[in-house]
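Containing mmCIF, C-alpha atoms: coords20.cif.
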```
data_work
#
loop_
_atom_site.group_PDB
_atom_site.id
_atom_site.type_symbol
_atom_site.label_atom_id
_atom_site.label_comp_id
_atom_site.auth_asym_id
_atom_site.auth_seq_id
_atom_site.Cartn_x
_atom_site.Cartn_y
_atom_site.Cartn_z
ATOM 1 C CA MET X 19 -0.351 -7.185 -34.577
ATOM 2 C CA GLN X 20 -4.111 -7.447 -34.372
ATOM 3 C CA ARG X 21 -5.749 -4.499 -32.708
ATOM 4 C CA SER X 22 -7.961 -6.759 -30.637
ATOM 5 C CA ALA X 23 -4.882 -8.150 -28.864
ATOM 6 C CA VAL X 24 -4.581 -4.959 -26.795
ATOM 7 C CA ARG X 25 -7.633 -4.508 -24.591
ATOM 8 C CA PRO X 26 -7.166 -2.059 -21.681
ATOM 9 C CA SER X 27 -8.959 -3.403 -18.624
ATOM 10 C CA PRO X 28 -11.428 -1.597 -16.335
ATOM 11 C CA VAL X 29 -8.761 -1.872 -13.611
ATOM 12 C CA PHE X 30 -6.421 0.288 -15.672
ATOM 13 C CA PHE X 31 -9.097 2.913 -16.238
ATOM 14 C CA GLY X 32 -10.016 2.776 -12.539
ATOM 15 C CA ILE X 33 -6.442 3.527 -11.461
ATOM 16 C CA LEU X 34 -6.264 6.243 -14.111
ATOM 17 C CA ALA X 35 -9.438 7.770 -12.649
ATOM 18 C CA VAL X 36 -7.962 7.744 -9.134
ATOM 19 C CA THR X 37 -4.840 9.464 -10.457
ATOM 20 C CA VAL X 38 -6.856 12.131 -12.258
ATOM 21 C CA VAL X 39 -9.014 12.738 -9.168
ATOM 22 C CA GLY X 40 -5.824 13.125 -7.150
ATOM 23 C CA GLY X 41 -4.575 15.712 -9.622
ATOM 24 C CA VAL X 42 -7.837 17.650 -9.397
ATOM 25 C CA ILE X 43 -7.769 17.627 -5.591
ATOM 26 C CA ALA X 44 -4.100 18.672 -5.606
ATOM 27 C CA SER X 45 -5.028 21.604 -7.849
ATOM 28 C CA LEU X 46 -7.771 22.718 -5.449
ATOM 29 C CA GLY X 47 -5.721 22.256 -2.301
ATOM 30 C CA ASP X 48 -3.256 25.072 -2.815
ATOM 31 C CA SER X 49 -5.436 28.154 -3.127
ATOM 32 C CA SER X 50 -2.912 30.165 -1.101
ATOM 33 C CA GLY X 51 -0.176 29.367 -3.616
ATOM 34 C CA VAL X 52 2.057 28.180 -0.777
ATOM 35 C CA ILE X 53 2.976 24.519 -0.347
ATOM 36 C CA SER X 54 2.077 23.136 3.064
ATOM 37 C CA ARG X 55 0.764 19.899 4.481
ATOM 38 C CA ASP X 56 -2.813 21.021 4.214
ATOM 39 C CA PRO X 57 -4.916 17.806 4.415
ATOM 40 C CA LEU X 58 -6.644 18.437 1.090
ATOM 41 C CA LEU X 59 -3.353 19.070 -0.670
ATOM 42 C CA VAL X 60 -1.725 16.012 0.932
ATOM 43 C CA LEU X 61 -4.639 13.805 -0.134
ATOM 44 C CA GLY X 62 -4.544 15.057 -3.706
ATOM 45 C CA VAL X 63 -0.787 14.813 -4.203
ATOM 46 C CA PHE X 64 -0.674 11.421 -2.477
ATOM 47 C CA LEU X 65 -3.372 9.962 -4.760
ATOM 48 C CA LEU X 66 -1.747 11.539 -7.800
ATOM 49 C CA VAL X 67 1.714 10.146 -7.062
ATOM 50 C CA ILE X 68 0.718 6.684 -5.840
ATOM 51 C CA GLY X 69 -1.894 6.232 -8.576
ATOM 52 C CA GLY X 70 0.547 7.519 -11.170
ATOM 53 C CA TRP X 71 3.270 5.205 -9.907
ATOM 54 C CA VAL X 72 0.983 2.165 -10.224
ATOM 55 C CA LEU X 73 0.030 3.317 -13.733
ATOM 56 C CA SER X 74 3.701 3.590 -14.649
ATOM 57 C CA LEU X 75 4.283 0.080 -13.285
ATOM 58 C CA THR X 76 1.471 -1.120 -15.534
ATOM 59 C CA LEU X 77 2.865 0.647 -18.604
ATOM 60 C CA HIS X 78 6.375 -0.624 -17.834
ATOM 61 C CA GLU X 79 5.253 -4.244 -17.882
ATOM 62 C CA PHE X 80 2.855 -3.659 -20.778
ATOM 63 C CA GLY X 81 5.827 -2.304 -22.739
ATOM 64 C CA HIS X 82 7.733 -5.554 -22.201
ATOM 65 C CA ALA X 83 4.711 -7.597 -23.233
ATOM 66 C CA LEU X 84 3.825 -5.542 -26.308
ATOM 67 C CA VAL X 85 7.342 -5.710 -27.747
ATOM 68 C CA ALA X 86 7.471 -9.440 -26.972
ATOM 69 C CA TYR X 87 4.149 -9.969 -28.760
ATOM 70 C CA LYS X 88 5.313 -8.089 -31.827
ATOM 71 C CA GLY X 89 8.608 -9.997 -31.638
ATOM 72 C CA GLY X 90 7.047 -13.450 -31.758
ATOM 73 C CA ASP X 91 5.903 -14.420 -28.248
ATOM 74 C CA TYR X 92 2.138 -14.556 -28.710
ATOM 75 C CA SER X 93 1.670 -16.298 -25.360
ATOM 76 C CA VAL X 94 1.706 -12.908 -23.613
ATOM 77 C CA ALA X 95 -1.803 -12.282 -24.972
ATOM 78 C CA ASP X 96 -3.088 -15.527 -23.455
ATOM 79 C CA LYS X 97 -1.530 -14.548 -20.112
ATOM 80 C CA GLY X 98 -3.467 -11.275 -20.109
ATOM 81 C CA TYR X 99 -0.371 -9.077 -20.260
ATOM 82 C CA LEU X 100 -1.858 -6.925 -23.029
ATOM 83 C CA THR X 101 -4.895 -5.951 -20.962
ATOM 84 C CA MET X 102 -2.993 -3.375 -18.862
ATOM 85 C CA ASP X 103 -4.419 -5.028 -15.756
ATOM 86 C CA VAL X 104 -1.800 -4.526 -13.046
ATOM 87 C CA ARG X 105 -2.970 -7.702 -11.317
ATOM 88 C CA ARG X 106 -1.609 -9.697 -14.249
ATOM 89 C CA TYR X 107 1.910 -8.406 -13.635
ATOM 90 C CA THR X 108 2.145 -8.566 -9.903
ATOM 91 C CA ASP X 109 2.560 -10.552 -6.776
ATOM 92 C CA PRO X 110 0.543 -8.599 -4.183
ATOM 93 C CA VAL X 111 3.366 -8.467 -1.622
ATOM 94 C CA LEU X 112 6.512 -8.355 -3.750
ATOM 95 C CA SER X 113 5.090 -6.109 -6.447
ATOM 96 C CA ILE X 114 2.782 -3.720 -4.599
ATOM 97 C CA VAL X 115 3.202 -3.782 -0.818
ATOM 98 C CA LEU X 116 6.998 -4.034 -0.631
ATOM 99 C CA PRO X 117 7.733 -1.324 -3.232
ATOM 100 C CA LEU X 118 5.247 1.017 -1.542
ATOM 101 C CA VAL X 119 6.903 0.397 1.840
ATOM 102 C CA PHE X 120 10.341 1.151 0.377
ATOM 103 C CA LEU X 121 8.944 4.232 -1.320
ATOM 104 C CA ALA X 122 7.500 5.391 1.994
ATOM 105 C CA ILE X 123 10.620 4.894 4.106
ATOM 106 C CA GLY X 124 13.273 5.965 1.649
ATOM 107 C CA GLY X 125 11.730 7.340 -1.475
ATOM 108 C CA ILE X 126 13.317 4.676 -3.717
ATOM 109 C CA PRO X 127 10.770 3.187 -6.136
ATOM 110 C CA LEU X 128 11.629 -0.507 -6.400
ATOM 111 C CA PRO X 129 10.836 -2.331 -9.632
ATOM 112 C CA GLY X 130 7.484 -3.950 -8.991
ATOM 113 C CA GLY X 131 5.836 -6.232 -11.500
ATOM 114 C CA ALA X 132 7.053 -8.967 -13.772
ATOM 115 C CA VAL X 133 5.980 -10.530 -17.044
ATOM 116 C CA TRP X 134 7.138 -13.978 -18.048
ATOM 117 C CA ILE X 135 8.445 -13.916 -21.609
ATOM 118 C CA ASN X 136 9.106 -17.000 -23.713
ATOM 119 C CA ARG X 137 12.492 -15.859 -24.968
ATOM 120 C CA GLY X 138 12.755 -18.911 -27.203
ATOM 121 C CA ALA X 139 9.780 -17.688 -29.223
ATOM 122 C CA LEU X 140 11.365 -14.326 -29.986
ATOM 123 C CA ARG X 141 12.699 -13.843 -33.492
ATOM 124 C CA SER X 142 16.208 -12.668 -32.629
ATOM 125 C CA ARG X 143 18.597 -11.608 -29.901
ATOM 126 C CA SER X 144 18.010 -7.970 -30.755
ATOM 127 C CA VAL X 145 14.267 -8.434 -30.210
ATOM 128 C CA SER X 146 15.018 -9.959 -26.814
ATOM 129 C CA THR X 147 17.132 -6.924 -25.970
ATOM 130 C CA TRP X 148 14.362 -4.519 -26.969
ATOM 131 C CA VAL X 149 11.859 -6.497 -24.899
ATOM 132 C CA SER X 150 14.029 -5.843 -21.835
ATOM 133 C CA LEU X 151 14.616 -2.190 -22.704
ATOM 134 C CA ALA X 152 10.955 -1.428 -23.385
ATOM 135 C CA GLY X 153 10.070 -1.250 -19.681
ATOM 136 C CA PRO X 154 12.723 1.195 -18.432
ATOM 137 C CA LEU X 155 12.414 3.285 -21.590
ATOM 138 C CA SER X 156 8.709 3.684 -20.834
ATOM 139 C CA ASN X 157 9.643 5.062 -17.406
ATOM 140 C CA LEU X 158 12.132 7.445 -18.986
ATOM 141 C CA GLY X 159 9.536 8.577 -21.507
ATOM 142 C CA ILE X 160 6.907 9.188 -18.828
ATOM 143 C CA GLY X 161 9.414 11.108 -16.720
ATOM 144 C CA VAL X 162 10.490 13.321 -19.610
ATOM 145 C CA VAL X 163 6.896 14.057 -20.686
ATOM 146 C CA LEU X 164 5.795 14.961 -17.152
ATOM 147 C CA ALA X 165 8.851 17.147 -16.604
ATOM 148 C CA LEU X 166 8.223 19.010 -19.844
ATOM 149 C CA VAL X 167 4.528 19.483 -19.047
ATOM 150 C CA VAL X 168 5.397 21.075 -15.707
ATOM 151 C CA SER X 169 8.058 23.302 -17.274
ATOM 152 C CA LEU X 170 6.012 24.421 -20.291
ATOM 153 C CA VAL X 171 2.459 24.629 -18.907
ATOM 154 C CA SER X 172 1.246 26.951 -16.171
ATOM 155 C CA LEU X 173 -0.174 24.600 -13.526
ATOM 156 C CA PRO X 174 -1.541 25.006 -9.994
ATOM 157 C CA VAL X 175 1.285 24.648 -7.520
ATOM 158 C CA GLY X 176 -0.032 21.448 -5.942
ATOM 159 C CA LEU X 177 -0.407 19.744 -9.309
ATOM 160 C CA ALA X 178 3.031 20.924 -10.436
ATOM 161 C CA VAL X 179 4.882 19.565 -7.399
ATOM 162 C CA GLY X 180 2.986 16.268 -7.525
ATOM 163 C CA LEU X 181 3.750 15.723 -11.202
ATOM 164 C CA SER X 182 7.369 16.763 -10.648
ATOM 165 C CA TYR X 183 7.860 14.201 -7.901
ATOM 166 C CA LEU X 184 6.154 11.526 -9.992
ATOM 167 C CA ALA X 185 8.444 12.415 -12.904
ATOM 168 C CA LEU X 186 11.519 12.174 -10.684
ATOM 169 C CA LEU X 187 10.425 8.728 -9.487
ATOM 170 C CA GLN X 188 10.243 7.646 -13.134
ATOM 171 C CA ILE X 189 13.829 8.764 -13.670
ATOM 172 C CA VAL X 190 14.993 6.889 -10.570
ATOM 173 C CA THR X 191 13.136 3.780 -11.726
ATOM 174 C CA PHE X 192 14.774 4.060 -15.147
ATOM 175 C CA ILE X 193 18.263 4.301 -13.646
ATOM 176 C CA LEU X 194 17.685 1.366 -11.297
ATOM 177 C CA ASN X 195 16.197 -0.878 -13.980
ATOM 178 C CA ILE X 196 18.866 -0.121 -16.549
ATOM 179 C CA LEU X 197 21.683 -1.363 -14.308
ATOM 180 C CA PRO X 198 23.313 -4.590 -15.635
ATOM 181 C CA VAL X 199 22.367 -6.567 -12.526
ATOM 182 C CA PRO X 200 20.804 -10.038 -12.916
ATOM 183 C CA GLY X 201 17.082 -9.752 -12.352
ATOM 184 C CA LEU X 202 16.915 -6.199 -13.702
ATOM 185 C CA ASP X 203 16.140 -5.092 -17.233
ATOM 186 C CA GLY X 204 19.624 -3.775 -17.934
ATOM 187 C CA TYR X 205 21.013 -7.267 -17.507
ATOM 188 C CA GLY X 206 18.184 -8.703 -19.606
ATOM 189 C CA ALA X 207 19.223 -6.393 -22.443
ATOM 190 C CA ILE X 208 22.789 -7.769 -22.594
ATOM 191 C CA GLU X 209 22.042 -11.359 -21.573
ATOM 192 C CA PRO X 210 21.372 -12.654 -25.133
ATOM 193 C CA TYR X 211 24.955 -11.747 -26.085
ATOM 194 C CA LEU X 212 26.656 -13.393 -23.101
ATOM 195 C CA SER X 213 28.318 -16.786 -23.141
ATOM 196 C CA PRO X 214 26.317 -19.800 -21.931
ATOM 197 C CA GLN X 215 28.448 -19.920 -18.790
ATOM 198 C CA ALA X 216 27.778 -16.268 -18.002
ATOM 199 C CA ARG X 217 24.033 -16.715 -18.606
ATOM 200 C CA GLU X 218 23.988 -19.703 -16.266
ATOM 201 C CA LEU X 219 25.745 -17.665 -13.568
ATOM 202 C CA GLY X 220 23.300 -14.808 -14.110
ATOM 203 C CA ALA X 221 20.341 -17.172 -13.802
ATOM 204 C CA ARG X 222 21.637 -18.365 -10.442
ATOM 205 C CA ALA X 223 22.109 -14.791 -9.223
ATOM 206 C CA ARG X 224 18.791 -13.483 -10.556
ATOM 207 C CA PRO X 225 16.647 -14.241 -7.453
ATOM 208 C CA TRP X 226 18.899 -12.471 -4.953
ATOM 209 C CA ALA X 227 21.088 -9.977 -6.866
ATOM 210 C CA PRO X 228 18.445 -7.174 -6.876
ATOM 211 C CA LEU X 229 17.852 -7.662 -3.148
ATOM 212 C CA ILE X 230 21.576 -7.221 -2.485
ATOM 213 C CA LEU X 231 21.596 -4.098 -4.648
ATOM 214 C CA PHE X 232 18.687 -2.533 -2.749
ATOM 215 C CA ALA X 233 20.205 -3.534 0.603
ATOM 216 C CA LEU X 234 23.424 -1.770 -0.396
ATOM 217 C CA LEU X 235 21.487 1.344 -1.381
ATOM 218 C CA PHE X 236 20.141 1.574 2.157
ATOM 219 C CA ALA X 237 23.138 0.248 4.117
ATOM 220 C CA LEU X 238 26.179 1.520 2.241
ATOM 221 C CA PRO X 239 27.003 5.141 3.150
ATOM 222 C CA GLY X 240 26.665 7.410 0.150
ATOM 223 C CA ALA X 241 25.130 4.781 -2.160
ATOM 224 C CA SER X 242 21.609 6.159 -1.976
ATOM 225 C CA ALA X 243 22.912 9.712 -2.340
ATOM 226 C CA LEU X 244 24.806 8.675 -5.474
ATOM 227 C CA LEU X 245 21.616 7.268 -6.974
ATOM 228 C CA TRP X 246 19.629 10.397 -6.186
ATOM 229 C CA ASP X 247 22.417 12.664 -7.496
ATOM 230 C CA ALA X 248 22.361 10.790 -10.801
ATOM 231 C CA ALA X 249 18.571 10.966 -10.914
ATOM 232 C CA PHE X 250 18.456 14.697 -10.222
ATOM 233 C CA SER X 251 21.147 15.331 -12.849
ATOM 234 C CA LEU X 252 19.170 13.497 -15.505
ATOM 235 C CA PHE X 253 15.900 14.994 -14.274
ATOM 236 C CA ASN X 254 17.276 18.531 -14.539
ATOM 237 C CA ALA X 255 18.787 17.742 -17.945
ATOM 238 C CA VAL X 256 15.355 16.858 -19.388
ATOM 239 C CA GLY X 257 13.786 20.054 -18.045
ATOM 240 C CA GLY X 258 12.604 18.945 -14.605
ATOM 241 C CA SER X 259 12.557 21.169 -11.533
ATOM 242 C CA GLY X 260 14.438 19.575 -8.659
ATOM 243 C CA SER X 261 12.975 21.987 -6.122
ATOM 244 C CA ALA X 262 9.406 21.235 -7.250
ATOM 245 C CA ALA X 263 10.071 17.472 -7.028
ATOM 246 C CA GLN X 264 11.443 17.871 -3.503
ATOM 247 C CA LEU X 265 8.331 19.792 -2.489
ATOM 248 C CA GLY X 266 6.226 17.010 -3.936
ATOM 249 C CA GLN X 267 8.144 14.449 -1.900
ATOM 250 C CA TYR X 268 7.675 16.608 1.188
ATOM 251 C CA VAL X 269 3.912 16.619 0.713
ATOM 252 C CA VAL X 270 3.608 12.903 -0.106
ATOM 253 C CA MET X 271 5.686 11.820 2.898
ATOM 254 C CA PHE X 272 3.459 13.699 5.314
ATOM 255 C CA TRP X 273 4.369 11.388 8.193
ATOM 256 C CA ARG X 274 8.057 12.306 8.155
#
```
Please lay out the structure from this file as structure tokens.
Amino acid sequence: MQRSAVRPSPVFFGILAVTVVGGVIASLGDSSGVISRDPLLVLGVFLLVIGGWVLSLTLHEFGHALVAYKGGDYSVADKGYLTMDVRRYTDPVLSIVLPLVFLAIGGIPLPGGAVWINRGALRSRSVSTWVSLAGPLSNLGIGVVLALVVSLVSLPVGLAVGLSYLALLQIVTFILNILPVPGLDGYGAIEPYLSPQARELGARARPWAPLILFALLFALPGASALLWDAAFSLFNAVGGSGSAAQLGQYVVMFWR
């Protein structure tokens, strides 16, 4: 792959700057060492988590595109997917507004963006599978790294709880995306090995299957709790602090 194919955009660096500023403010907003909904602390943790979530959305979709490019679909470069510009991956309502609303009301980070891959240009079925897996694995990697940073490095309390909550959201996103549901990456990973009839059925279900899944998570008693239990189990297994993540959620959702 030519190095010039990957050109991070100013938008990416701008969101990164907002996230870093949020982390700095979060660090300064907890001088007492006690977590509260102090306005400065809320502002910092909120910017850190929301900015970090948008960055993770960008890296998720960039992961798909980069593996696709290396696997034979060079059209992703022409589409701007290798610029790390979140606007290239998103529909403003479906990819930004709606996931943020769901995150606000229930704490479940919906998959946001989308990249359109020319699967026919990919060199093999295994490449197609890795293209699908690249996104959720990026979320898992980010979650593990953030959890380890919080556990191994002495951080200001505000920064620690913000990063912990952001890490937990990455784990939840990984679990959701890895499910073998049409329209999600887990299904995309197994789709190349399905029969033509099964792929046709999956294509028909792709537009609405994720919506049904998310509706069930909110409407079916115990479904959301099951998701969060699985996320906390994995989060704790990779070194995360569940109590710190819950404090981070408490600060971010200041209106609740």
Practice item. Please evaluate the PyMOL selection byres ((chain X and resi 156) around 12) against the displayed coordinates and give the resulting residues as a PyMOL selection string. Key: chain X and resi 73-82+84-85+148-155+157-163+185+188-189+191-193+195-196
Review point. Can you tell me, as number ranges by chain, what residues are no more than 10 Å from range 212-219 of chain X when counting only C-alpha atoms, ignoring any on the same chain fewer than 6 positions away?
Key: X: 200, 205-206
Exercise for review: Find the spatial neighbours of Ser259 in chain X, counting only C-alpha atoms, within a cut-off of 10 Å - ignore same-chain residues fewer than 4 positions away - and output them as a PyMOL selection string.
Suggested key: chain X and resi 165-166+168-169+178-179+182-183+185-186+250+253-255+263-264
**Study point:** Å distance separating CA of Ala23 in chain X from CA of Ala95 in chain X, one decimal place
**Key:**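 Computed distance, CA of Ala23 in chain X to CA of Ala95 in chain X, equals 6.5 Å.
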Review point. So, counting all atoms listed in the file, which residue among X:Leu244, X:Pro210, X:Gly266, X:Val133 is closest to Arg105 in chain X?
Key: X:Val133
Check your understanding: Do you know which residues lie at most 12 Å from (11.7, -7.7, -30.8), with coordinates as in the file and only C-alpha atoms counted, and could you write them as a ChimeraX atom specification?
Key -> /X:81-92,135-152,207
Selected residues written out with C-alpha atoms, as a compact mmCIF listing (two decimals), in the frame of the given file:
```txt
# COMPACT_ATOMS: atom_id res chain seq x y z
CA GLY X 81 5.83 -2.30 -22.74
CA HIS X 82 7.73 -5.55 -22.20
CA ALA X 83 4.71 -7.60 -23.23
CA LEU X 84 3.82 -5.54 -26.31
CA VAL X 85 7.34 -5.71 -27.75
CA ALA X 86 7.47 -9.44 -26.97
CA TYR X 87 4.15 -9.97 -28.76
CA LYS X 88 5.31 -8.09 -31.83
CA GLY X 89 8.61 -10.00 -31.64
CA GLY X 90 7.05 -13.45 -31.76
CA ASP X 91 5.90 -14.42 -28.25
CA TYR X 92 2.14 -14.56 -28.71
CA ILE X 135 8.44 -13.92 -21.61
CA ASN X 136 9.11 -17.00 -23.71
CA ARG X 137 12.49 -15.86 -24.97
CA GLY X 138 12.76 -18.91 -27.20
CA ALA X 139 9.78 -17.69 -29.22
CA LEU X 140 11.36 -14.33 -29.99
CA ARG X 141 12.70 -13.84 -33.49
CA SER X 142 16.21 -12.67 -32.63
CA ARG X 143 18.60 -11.61 -29.90
CA SER X 144 18.01 -7.97 -30.76
CA VAL X 145 14.27 -8.43 -30.21
CA SER X 146 15.02 -9.96 -26.81
CA THR X 147 17.13 -6.92 -25.97
CA TRP X 148 14.36 -4.52 -26.97
CA VAL X 149 11.86 -6.50 -24.90
CA SER X 150 14.03 -5.84 -21.84
CA LEU X 151 14.62 -2.19 -22.70
CA ALA X 152 10.96 -1.43 -23.38
CA ALA X 207 19.22 -6.39 -22.44
```
Using the chain letters and numbers from the file, which residues does the PyMOL selection byres ((chain X and resi 47) around 12) grab, as a PDB file with C-alpha atoms, keeping the file's coordinate frame?
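Written output follows (part31.pdb):
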```pdb
ATOM      1  CA  GLY X  40      -5.824  13.125  -7.150  1.00  0.00           C
ATOM      2  CA  GLY X  41      -4.575  15.712  -9.622  1.00  0.00           C
ATOM      3  CA  VAL X  42      -7.837  17.650  -9.397  1.00  0.00           C
ATOM      4  CA  ILE X  43      -7.769  17.627  -5.591  1.00  0.00           C
ATOM      5  CA  ALA X  44      -4.100  18.672  -5.606  1.00  0.00           C
ATOM      6  CA  SER X  45      -5.028  21.604  -7.849  1.00  0.00           C
ATOM      7  CA  LEU X  46      -7.771  22.718  -5.449  1.00  0.00           C
ATOM      8  CA  ASP X  48      -3.256  25.072  -2.815  1.00  0.00           C
ATOM      9  CA  SER X  49      -5.436  28.154  -3.127  1.00  0.00           C
ATOM     10  CA  SER X  50      -2.912  30.165  -1.101  1.00  0.00           C
ATOM     11  CA  GLY X  51      -0.176  29.367  -3.616  1.00  0.00           C
ATOM     12  CA  VAL X  52       2.057  28.180  -0.777  1.00  0.00           C
ATOM     13  CA  ILE X  53       2.976  24.519  -0.347  1.00  0.00           C
ATOM     14  CA  SER X  54       2.077  23.136   3.064  1.00  0.00           C
ATOM     15  CA  ARG X  55       0.764  19.899   4.481  1.00  0.00           C
ATOM     16  CA  ASP X  56      -2.813  21.021   4.214  1.00  0.00           C
ATOM     17  CA  PRO X  57      -4.916  17.806   4.415  1.00  0.00           C
ATOM     18  CA  LEU X  58      -6.644  18.437   1.090  1.00  0.00           C
ATOM     19  CA  LEU X  59      -3.353  19.070  -0.670  1.00  0.00           C
ATOM     20  CA  VAL X  60      -1.725  16.012   0.932  1.00  0.00           C
ATOM     21  CA  LEU X  61      -4.639  13.805  -0.134  1.00  0.00           C
ATOM     22  CA  GLY X  62      -4.544  15.057  -3.706  1.00  0.00           C
ATOM     23  CA  VAL X  63      -0.787  14.813  -4.203  1.00  0.00           C
ATOM     24  CA  PHE X  64      -0.674  11.421  -2.477  1.00  0.00           C
ATOM     25  CA  PRO X 174      -1.541  25.006  -9.994  1.00  0.00           C
ATOM     26  CA  VAL X 175       1.285  24.648  -7.520  1.00  0.00           C
ATOM     27  CA  GLY X 176      -0.032  21.448  -5.942  1.00  0.00           C
ATOM     28  CA  LEU X 177      -0.407  19.744  -9.309  1.00  0.00           C
ATOM     29  CA  GLY X 180       2.986  16.268  -7.525  1.00  0.00           C
ATOM     30  CA  VAL X 269       3.912  16.619   0.713  1.00  0.00           C
TER      31      VAL X 269
END
```
**Study point:** Separation of CA of Leu202 in chain X from CA of Ala223 in chain X in Å
**Key:**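 For CA of Ala223 in chain X relative to CA of Leu202 in chain X, the distance reads 11.0 Å.
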**Study point:** Interatomic distance, CA of Arg274 in chain X to CA of Leu164 in chain X (Å, one decimal)
**Key:**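 So the two atoms, CA of Arg274 in chain X and CA of Leu164 in chain X, lie 25.5 Å apart.
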Practice item. Specify as a ChimeraX atom specification each residue included when the PyMOL selection byres ((chain X and resi 97) around 10) is applied to this file. Key: /X:83,92-96,98-101,106-107,133-134
